[in-house]
>>> print(open('data.csv').read())   # CSV, C-alpha atoms
chain,number,residue,atom,x,y,z
A,388,MET,CA,0.0,0.0,0.0
A,389,PRO,CA,1.4,3.5,-0.8
A,390,ALA,CA,2.8,5.4,2.1
A,391,SER,CA,0.2,8.2,1.5
A,392,LEU,CA,-2.7,5.7,1.9
A,393,LYS,CA,-3.0,4.0,5.2
A,394,ASN,CA,-5.8,2.6,7.3
A,395,ALA,CA,-4.0,3.1,10.5
A,396,SER,CA,-3.1,6.8,10.0
A,397,PRO,CA,-4.7,9.0,12.7
A,398,GLY,CA,-4.9,12.0,10.4
A,399,PRO,CA,-4.2,15.5,11.5
A,400,ALA,CA,-5.3,16.9,14.8
A,401,PRO,CA,-9.0,17.8,14.7
A,402,ILE,CA,-9.8,21.5,14.0
A,403,PRO,CA,-12.5,23.0,16.2
A,404,VAL,CA,-16.0,23.2,14.8
A,405,GLY,CA,-16.1,26.9,15.7
A,406,ARG,CA,-13.3,27.5,13.2
A,407,ARG,CA,-15.3,25.8,10.5
A,408,ILE,CA,-18.5,27.8,11.3
A,409,PHE,CA,-16.5,31.0,11.2
A,410,HIS,CA,-14.9,30.0,7.8
A,411,LEU,CA,-18.3,29.2,6.4
A,412,ILE,CA,-20.0,32.4,7.5
A,413,ALA,CA,-17.0,34.8,6.8
A,414,ALA,CA,-16.0,33.3,3.4
A,415,SER,CA,-19.6,33.0,2.2
A,416,ALA,CA,-20.4,36.5,3.2
A,417,THR,CA,-17.2,37.8,1.5
A,418,THR,CA,-18.1,35.9,-1.7
A,419,LEU,CA,-21.8,36.8,-1.8
A,420,LEU,CA,-21.0,40.5,-1.3
A,421,ALA,CA,-19.7,40.4,-4.8
A,422,LEU,CA,-23.3,39.8,-6.0
A,423,VAL,CA,-24.5,43.1,-4.7
A,424,MET,CA,-21.5,45.4,-5.3
A,425,PRO,CA,-19.9,46.8,-8.4
A,426,GLU,CA,-16.8,44.8,-9.3
A,427,HIS,CA,-14.3,47.6,-8.9
A,428,ALA,CA,-15.7,48.6,-5.5
A,429,TYR,CA,-15.6,45.0,-4.4
A,430,MET,CA,-12.0,44.5,-5.5
A,431,LEU,CA,-11.1,47.7,-3.7
A,432,LEU,CA,-12.8,46.4,-0.5
A,433,VAL,CA,-11.2,42.9,-0.5
A,434,GLY,CA,-7.9,44.3,-1.7
A,435,SER,CA,-7.8,46.7,1.2
A,436,GLY,CA,-8.8,44.0,3.6
A,437,ALA,CA,-6.1,41.7,2.3
A,438,LEU,CA,-3.5,44.4,2.6
A,439,LEU,CA,-4.6,45.2,6.1
A,440,GLY,CA,-4.6,41.5,7.1
A,441,LEU,CA,-1.1,41.0,5.7
A,442,VAL,CA,0.3,44.0,7.6
A,443,LEU,CA,-1.4,42.9,10.8
A,444,ASP,CA,-0.3,39.3,10.5
A,445,CYS,CA,3.3,40.3,9.7
A,446,ALA,CA,3.4,42.9,12.5
A,447,ARG,CA,1.7,41.1,15.4
A,448,PRO,CA,4.4,38.4,16.0
A,449,ARG,CA,6.9,41.3,16.4
A,450,ILE,CA,4.7,43.3,18.7
A,451,GLY,CA,3.9,41.3,21.8
A,452,GLY,CA,1.0,43.4,23.0
A,453,LEU,CA,-0.7,43.4,19.6
A,454,ASN,CA,-0.4,39.6,19.3
A,455,ARG,CA,-1.7,39.0,22.8
A,456,LEU,CA,-4.7,41.2,22.0
A,457,PHE,CA,-5.3,39.4,18.7
A,458,LEU,CA,-5.0,35.9,20.3
A,459,GLY,CA,-7.2,36.9,23.1
A,460,ILE,CA,-10.0,37.5,20.6
A,461,PHE,CA,-9.3,34.9,17.9
A,462,GLN,CA,-7.2,32.1,19.4
A,463,PRO,CA,-10.2,29.7,19.7
A,464,ILE,CA,-10.6,29.6,15.9
A,465,LEU,CA,-7.0,29.7,14.9
A,466,LYS,CA,-4.7,26.9,13.8
A,467,GLN,CA,-1.6,26.6,16.0
A,468,SER,CA,0.6,27.9,13.1
A,469,GLU,CA,-1.6,30.9,12.7
A,470,THR,CA,-0.7,32.3,16.1
A,471,THR,CA,2.5,33.6,14.6
A,472,GLU,CA,1.9,33.3,10.8
A,473,ILE,CA,-0.5,34.7,8.2
A,474,THR,CA,-4.1,33.4,8.9
A,475,GLY,CA,-6.3,31.5,6.5
A,476,ALA,CA,-8.8,34.4,6.6
A,477,THR,CA,-6.1,36.8,5.2
A,478,TRP,CA,-5.1,34.3,2.5
A,479,PHE,CA,-8.8,34.0,1.5
A,480,LEU,CA,-9.0,37.8,1.0
A,481,VAL,CA,-5.8,37.7,-1.0
A,482,ALA,CA,-7.2,34.9,-3.2
A,483,ALA,CA,-10.5,36.8,-3.6
A,484,PHE,CA,-8.7,39.8,-4.9
A,485,PHE,CA,-6.5,37.9,-7.4
A,486,THR,CA,-9.2,35.6,-8.6
A,487,PHE,CA,-11.4,38.6,-9.5
A,488,TYR,CA,-8.3,40.4,-11.0
A,489,PHE,CA,-7.2,37.4,-13.2
A,490,PHE,CA,-10.4,35.6,-14.0
A,491,GLY,CA,-13.3,38.0,-13.5
A,492,PRO,CA,-16.5,37.5,-11.5
A,493,GLN,CA,-17.9,34.7,-13.7
A,494,VAL,CA,-15.1,32.4,-12.5
A,495,ALA,CA,-14.2,34.0,-9.2
A,496,ILE,CA,-17.6,33.8,-7.5
A,497,PRO,CA,-18.1,30.0,-8.0
A,498,VAL,CA,-14.5,29.1,-7.0
A,499,LEU,CA,-14.6,31.3,-3.9
A,500,MET,CA,-17.9,29.8,-3.0
A,501,PHE,CA,-16.4,26.3,-3.3
A,502,VAL,CA,-13.8,27.3,-0.8
A,503,ALA,CA,-16.4,28.8,1.5
A,504,VAL,CA,-18.7,25.8,1.7
A,505,GLY,CA,-16.6,22.9,0.5
A,506,ASP,CA,-13.6,23.3,2.8
A,507,PRO,CA,-15.6,23.0,6.1
A,508,ALA,CA,-17.7,20.2,4.6
A,509,ALA,CA,-14.6,18.3,3.7
A,510,ALA,CA,-13.2,18.8,7.2
A,511,LEU,CA,-16.3,17.8,9.1
A,512,VAL,CA,-17.1,14.8,7.0
A,513,GLY,CA,-13.5,13.6,6.7
A,514,ALA,CA,-12.9,13.8,10.4
A,515,ARG,CA,-15.9,11.5,11.1
A,516,PHE,CA,-15.7,9.1,8.2
A,517,PRO,CA,-13.8,5.9,8.9
A,518,GLY,CA,-11.5,4.3,6.4
A,519,PRO,CA,-8.2,5.0,4.6
A,520,ARG,CA,-6.5,8.3,4.5
A,521,LEU,CA,-4.8,10.0,1.6
A,522,TRP,CA,-2.1,12.4,2.7
A,523,ASN,CA,-3.7,12.3,6.2
A,524,LYS,CA,-7.0,13.3,4.8
A,525,SER,CA,-10.2,11.3,4.0
A,526,PRO,CA,-11.2,10.9,0.4
A,527,ALA,CA,-14.8,11.0,1.7
A,528,GLY,CA,-14.1,14.6,2.7
A,529,ALA,CA,-13.2,15.4,-1.0
A,530,VAL,CA,-16.5,13.9,-2.1
A,531,ALA,CA,-18.3,16.0,0.4
A,532,PHE,CA,-16.4,19.0,-0.8
A,533,VAL,CA,-17.6,18.5,-4.4
A,534,ALA,CA,-21.2,17.6,-3.4
A,535,VAL,CA,-21.7,20.6,-1.1
A,536,SER,CA,-19.9,23.0,-3.5
A,537,LEU,CA,-22.1,22.0,-6.4
A,538,ALA,CA,-25.2,22.1,-4.2
A,539,ALA,CA,-24.4,25.7,-3.2
A,540,TRP,CA,-23.8,26.7,-6.8
A,541,ALA,CA,-27.1,25.0,-7.9
A,542,ILE,CA,-28.9,27.2,-5.4
A,543,LEU,CA,-27.2,30.4,-6.6
A,544,SER,CA,-27.9,29.4,-10.2
A,545,ALA,CA,-31.6,28.8,-9.4
A,546,LEU,CA,-31.7,32.3,-7.9
A,547,GLY,CA,-30.3,33.8,-11.1
A,548,PHE,CA,-26.8,34.5,-9.9
A,549,GLY,CA,-25.0,32.1,-12.1
A,550,SER,CA,-25.2,29.3,-14.7
A,551,TRP,CA,-24.8,25.6,-14.6
A,552,THR,CA,-22.0,24.5,-16.9
A,553,TRP,CA,-19.4,21.7,-17.2
A,554,PRO,CA,-16.5,24.1,-16.4
A,555,VAL,CA,-18.2,24.7,-13.0
A,556,VAL,CA,-18.3,21.0,-12.3
A,557,ILE,CA,-14.7,20.6,-13.4
A,558,ALA,CA,-13.6,23.5,-11.2
A,559,ALA,CA,-15.4,21.9,-8.2
A,560,VAL,CA,-13.5,18.6,-8.7
A,561,VAL,CA,-10.2,20.4,-9.2
A,562,ALA,CA,-10.9,22.5,-6.0
A,563,ALA,CA,-11.5,19.4,-4.0
A,564,THR,CA,-8.4,17.7,-5.4
A,565,VAL,CA,-6.2,20.7,-4.5
A,566,GLU,CA,-7.7,20.9,-1.0
A,567,LEU,CA,-6.8,17.2,-0.6
A,568,ALA,CA,-3.3,17.4,-1.9
A,569,PRO,CA,-0.4,18.2,0.4
A,570,LEU,CA,0.6,21.5,-1.1
A,571,PRO,CA,2.9,23.7,1.0
A,572,ALA,CA,0.8,26.9,0.6
A,573,ASP,CA,-2.5,27.6,2.4
A,574,ASP,CA,-5.4,26.1,0.6
A,575,ASN,CA,-7.5,29.2,1.0
A,576,LEU,CA,-5.0,30.7,-1.5
A,577,THR,CA,-4.2,27.7,-3.7
A,578,VAL,CA,-7.7,26.3,-4.2
A,579,PRO,CA,-9.4,29.3,-5.7
A,580,LEU,CA,-6.4,30.3,-7.8
A,581,ILE,CA,-5.8,26.8,-9.3
A,582,ALA,CA,-9.5,26.0,-9.7
A,583,GLY,CA,-10.1,29.4,-11.3
A,584,ALA,CA,-7.3,28.9,-13.8
A,585,VAL,CA,-8.6,25.5,-14.7
A,586,MET,CA,-12.2,26.8,-15.0
A,587,THR,CA,-11.0,29.6,-17.2
A,588,LEU,CA,-9.2,27.1,-19.5
A,589,ALA,CA,-12.3,24.9,-19.6
A,590,ASN,CA,-14.5,27.9,-20.5
A,591,ALA,CA,-12.1,28.7,-23.4
A,592,LEU,CA,-12.3,25.1,-24.7
A,593,SER,CA,-16.0,24.6,-24.3
>>> encode(input="data.csv", output="structure tokens")
Amino acid sequence: MPASLKNASPGPAPIPVGRRIFHLIAASATTLLALVMPEHAYMLLVGSGALLGLVLDCARPRIGGLNRLFLGIFQPILKQSETTEITGATWFLVAAFFTFYFFGPQVAIPVLMFVAVGDPAAALVGARFPGPRLWNKSPAGAVAFVAVSLAAWAILSALGFGSWTWPVVIAAVVAATVELAPLPADDNLTVPLIAGAVMTLANALS
């Protein structure tokens, strides 16, 4: 059996449900805001938020009082590494800005929504589903990622905020695969950028 696929692997330490709820609400709200704002205003907003987040995340480990205040508020929903490094929330804002910049709203909105709803679904299902692990993650979590992502997009499409196309399905599968893979960068950044690039290519070929 490949080293990456083992029945006995305990997987990564469980992440608090509160973090997943925060991710779902904050990332979904950030994405859905693009439906009611002009594109340039939205990019200015998320770009400013991303810049502020990067400055704060880089400064707080060097300023003890600032980091203590930050951790006093947010530590219950942070990964251990985020206590001294850039947070997933900041990376999501960076990704939101660049997916809109490079791919436009027709691609950015679905792939950001996939991260917003698919990532917590994958984590919650994967942590509770028995069976083999792939890179310390459950393949069942990847299936949940795709299913929940497409369900969310189906709802938005039914409400008139998007269309149901094969590139959307391909992007959801790619997003789940990137989330599952052991890439060194934060998946809040890699998932929307890679899935967005693939969806853009699929749109061009369809």
>>> atom_distance(input="data.csv", atom1="CA of Val404 in chain A", atom2="CA of Thr418 in chain A")
20.9 Å
>>> residues_near_point(input="data.csv", point="(-21.2, 18.6, 2.7)", cutoff="9 Å", atoms="only C-alpha atoms", output="list in words")
Val504, Gly505, Asp506, Pro507, Ala508, Ala509, Leu511, Val512, Gly528, Val530, Ala531, Phe532, Val533, Ala534, Val535, Ser536 and Ala538 of chain A
>>> residues_near_point(input="data.csv", point="(-12.9, 30.6, 17.0)", cutoff="7 Å", atoms="all atoms listed in the file", output="PyMOL selection string")
chain A and resi 405-406+409+461-465
>>> atom_distance(input="data.csv", atom1="CA of Ala510 in chain A", atom2="CA of Asn590 in chain A")
29.2 Å
>>> atom_distance(input="data.csv", atom1="CA of Thr577 in chain A", atom2="CA of Ala562 in chain A")
8.8 Å
>>> closest_residue(input="data.csv", among="A:Val578, A:Ala545, A:Val555, A:Ala421", to="Phe487 in chain A", atoms="all atoms listed in the file")
A:Ala421
>>> closest_residue(input="data.csv", among="A:Ile557, A:Ala582, A:Ala414, A:Leu458", to="Leu537 in chain A", atoms="all atoms listed in the file")
A:Ile557
>>> residues_around(input="data.csv", residues="Gln493 in chain A", least_positions_apart="6", cutoff="10 Å", atoms="all atoms listed in the file", output="ChimeraX atom specification")
/A:487,548-550,583,586-587
>>> decode(input="data.csv", residues="range 483-520 of chain A", atoms="N, CA and C atoms", output="compact mmCIF listing (two decimals), in the first residue's frame")
# COMPACT_ATOMS: atom_id res chain seq x y z
N ALA A 483 -9.34 36.15 -3.03
CA ALA A 483 -10.52 36.80 -3.58
C ALA A 483 -10.12 37.94 -4.52
N PHE A 484 -9.15 38.72 -4.10
CA PHE A 484 -8.72 39.84 -4.93
C PHE A 484 -8.12 39.33 -6.25
N PHE A 485 -7.23 38.36 -6.17
CA PHE A 485 -6.53 37.92 -7.38
C PHE A 485 -7.40 37.06 -8.29
N THR A 486 -8.34 36.31 -7.74
CA THR A 486 -9.24 35.56 -8.63
C THR A 486 -10.13 36.53 -9.42
N PHE A 487 -10.59 37.60 -8.78
CA PHE A 487 -11.37 38.60 -9.52
C PHE A 487 -10.47 39.31 -10.54
N TYR A 488 -9.24 39.61 -10.14
CA TYR A 488 -8.33 40.35 -11.03
C TYR A 488 -7.98 39.53 -12.26
N PHE A 489 -7.64 38.25 -12.08
CA PHE A 489 -7.18 37.42 -13.19
C PHE A 489 -8.31 36.78 -13.99
N PHE A 490 -9.40 36.40 -13.32
CA PHE A 490 -10.40 35.57 -13.97
C PHE A 490 -11.77 36.22 -14.13
N GLY A 491 -12.04 37.31 -13.41
CA GLY A 491 -13.33 37.97 -13.49
C GLY A 491 -14.38 37.30 -12.62
N PRO A 492 -15.52 37.97 -12.41
CA PRO A 492 -16.53 37.46 -11.47
C PRO A 492 -17.17 36.15 -11.90
N GLN A 493 -17.28 35.88 -13.21
CA GLN A 493 -17.94 34.65 -13.66
C GLN A 493 -17.19 33.41 -13.19
N VAL A 494 -15.90 33.54 -13.00
CA VAL A 494 -15.09 32.43 -12.48
C VAL A 494 -14.83 32.59 -10.98
N ALA A 495 -14.54 33.81 -10.56
CA ALA A 495 -14.16 34.03 -9.17
C ALA A 495 -15.27 33.67 -8.18
N ILE A 496 -16.50 34.04 -8.49
CA ILE A 496 -17.59 33.79 -7.54
C ILE A 496 -17.79 32.29 -7.29
N PRO A 497 -17.89 31.44 -8.33
CA PRO A 497 -18.05 30.02 -8.01
C PRO A 497 -16.87 29.40 -7.28
N VAL A 498 -15.63 29.72 -7.68
CA VAL A 498 -14.51 29.05 -7.02
C VAL A 498 -14.33 29.53 -5.59
N LEU A 499 -14.63 30.80 -5.32
CA LEU A 499 -14.58 31.27 -3.94
C LEU A 499 -15.68 30.64 -3.10
N MET A 500 -16.86 30.45 -3.70
CA MET A 500 -17.94 29.79 -2.99
C MET A 500 -17.58 28.33 -2.68
N PHE A 501 -16.86 27.68 -3.59
CA PHE A 501 -16.43 26.31 -3.34
C PHE A 501 -15.54 26.25 -2.10
N VAL A 502 -14.63 27.22 -1.97
CA VAL A 502 -13.77 27.26 -0.78
C VAL A 502 -14.60 27.53 0.47
N ALA A 503 -15.55 28.44 0.35
CA ALA A 503 -16.36 28.85 1.51
C ALA A 503 -17.16 27.69 2.09
N VAL A 504 -17.81 26.90 1.23
CA VAL A 504 -18.70 25.84 1.72
C VAL A 504 -18.05 24.46 1.64
N GLY A 505 -17.17 24.26 0.65
CA GLY A 505 -16.59 22.94 0.47
C GLY A 505 -15.55 22.58 1.50
N ASP A 506 -14.72 23.55 1.87
CA ASP A 506 -13.64 23.27 2.82
C ASP A 506 -14.17 22.81 4.18
N PRO A 507 -15.12 23.53 4.80
CA PRO A 507 -15.64 23.04 6.08
C PRO A 507 -16.38 21.71 5.94
N ALA A 508 -17.07 21.50 4.82
CA ALA A 508 -17.75 20.22 4.61
C ALA A 508 -16.74 19.08 4.55
N ALA A 509 -15.64 19.29 3.83
CA ALA A 509 -14.60 18.26 3.73
C ALA A 509 -14.00 17.95 5.08
N ALA A 510 -13.76 18.99 5.87
CA ALA A 510 -13.15 18.79 7.19
C ALA A 510 -14.09 18.04 8.14
N LEU A 511 -15.35 18.44 8.18
CA LEU A 511 -16.29 17.82 9.11
C LEU A 511 -16.61 16.39 8.72
N VAL A 512 -16.81 16.13 7.43
CA VAL A 512 -17.10 14.77 6.99
C VAL A 512 -15.85 13.90 7.09
N GLY A 513 -14.72 14.43 6.64
CA GLY A 513 -13.49 13.65 6.66
C GLY A 513 -13.07 13.23 8.06
N ALA A 514 -13.30 14.10 9.04
CA ALA A 514 -12.90 13.78 10.41
C ALA A 514 -13.75 12.69 11.03
N ARG A 515 -14.94 12.50 10.50
CA ARG A 515 -15.88 11.54 11.09
C ARG A 515 -16.05 10.27 10.26
N PHE A 516 -15.46 10.24 9.07
CA PHE A 516 -15.66 9.10 8.18
C PHE A 516 -14.52 8.11 8.36
N PRO A 517 -14.82 6.85 8.74
CA PRO A 517 -13.75 5.87 8.91
C PRO A 517 -13.20 5.43 7.56
N GLY A 518 -12.03 4.81 7.60
CA GLY A 518 -11.46 4.30 6.37
C GLY A 518 -10.08 4.85 6.11
N PRO A 519 -9.54 4.56 4.94
CA PRO A 519 -8.17 4.96 4.61
C PRO A 519 -8.03 6.47 4.50
N ARG A 520 -6.80 6.90 4.64
CA ARG A 520 -6.47 8.32 4.51
C ARG A 520 -5.52 8.50 3.34
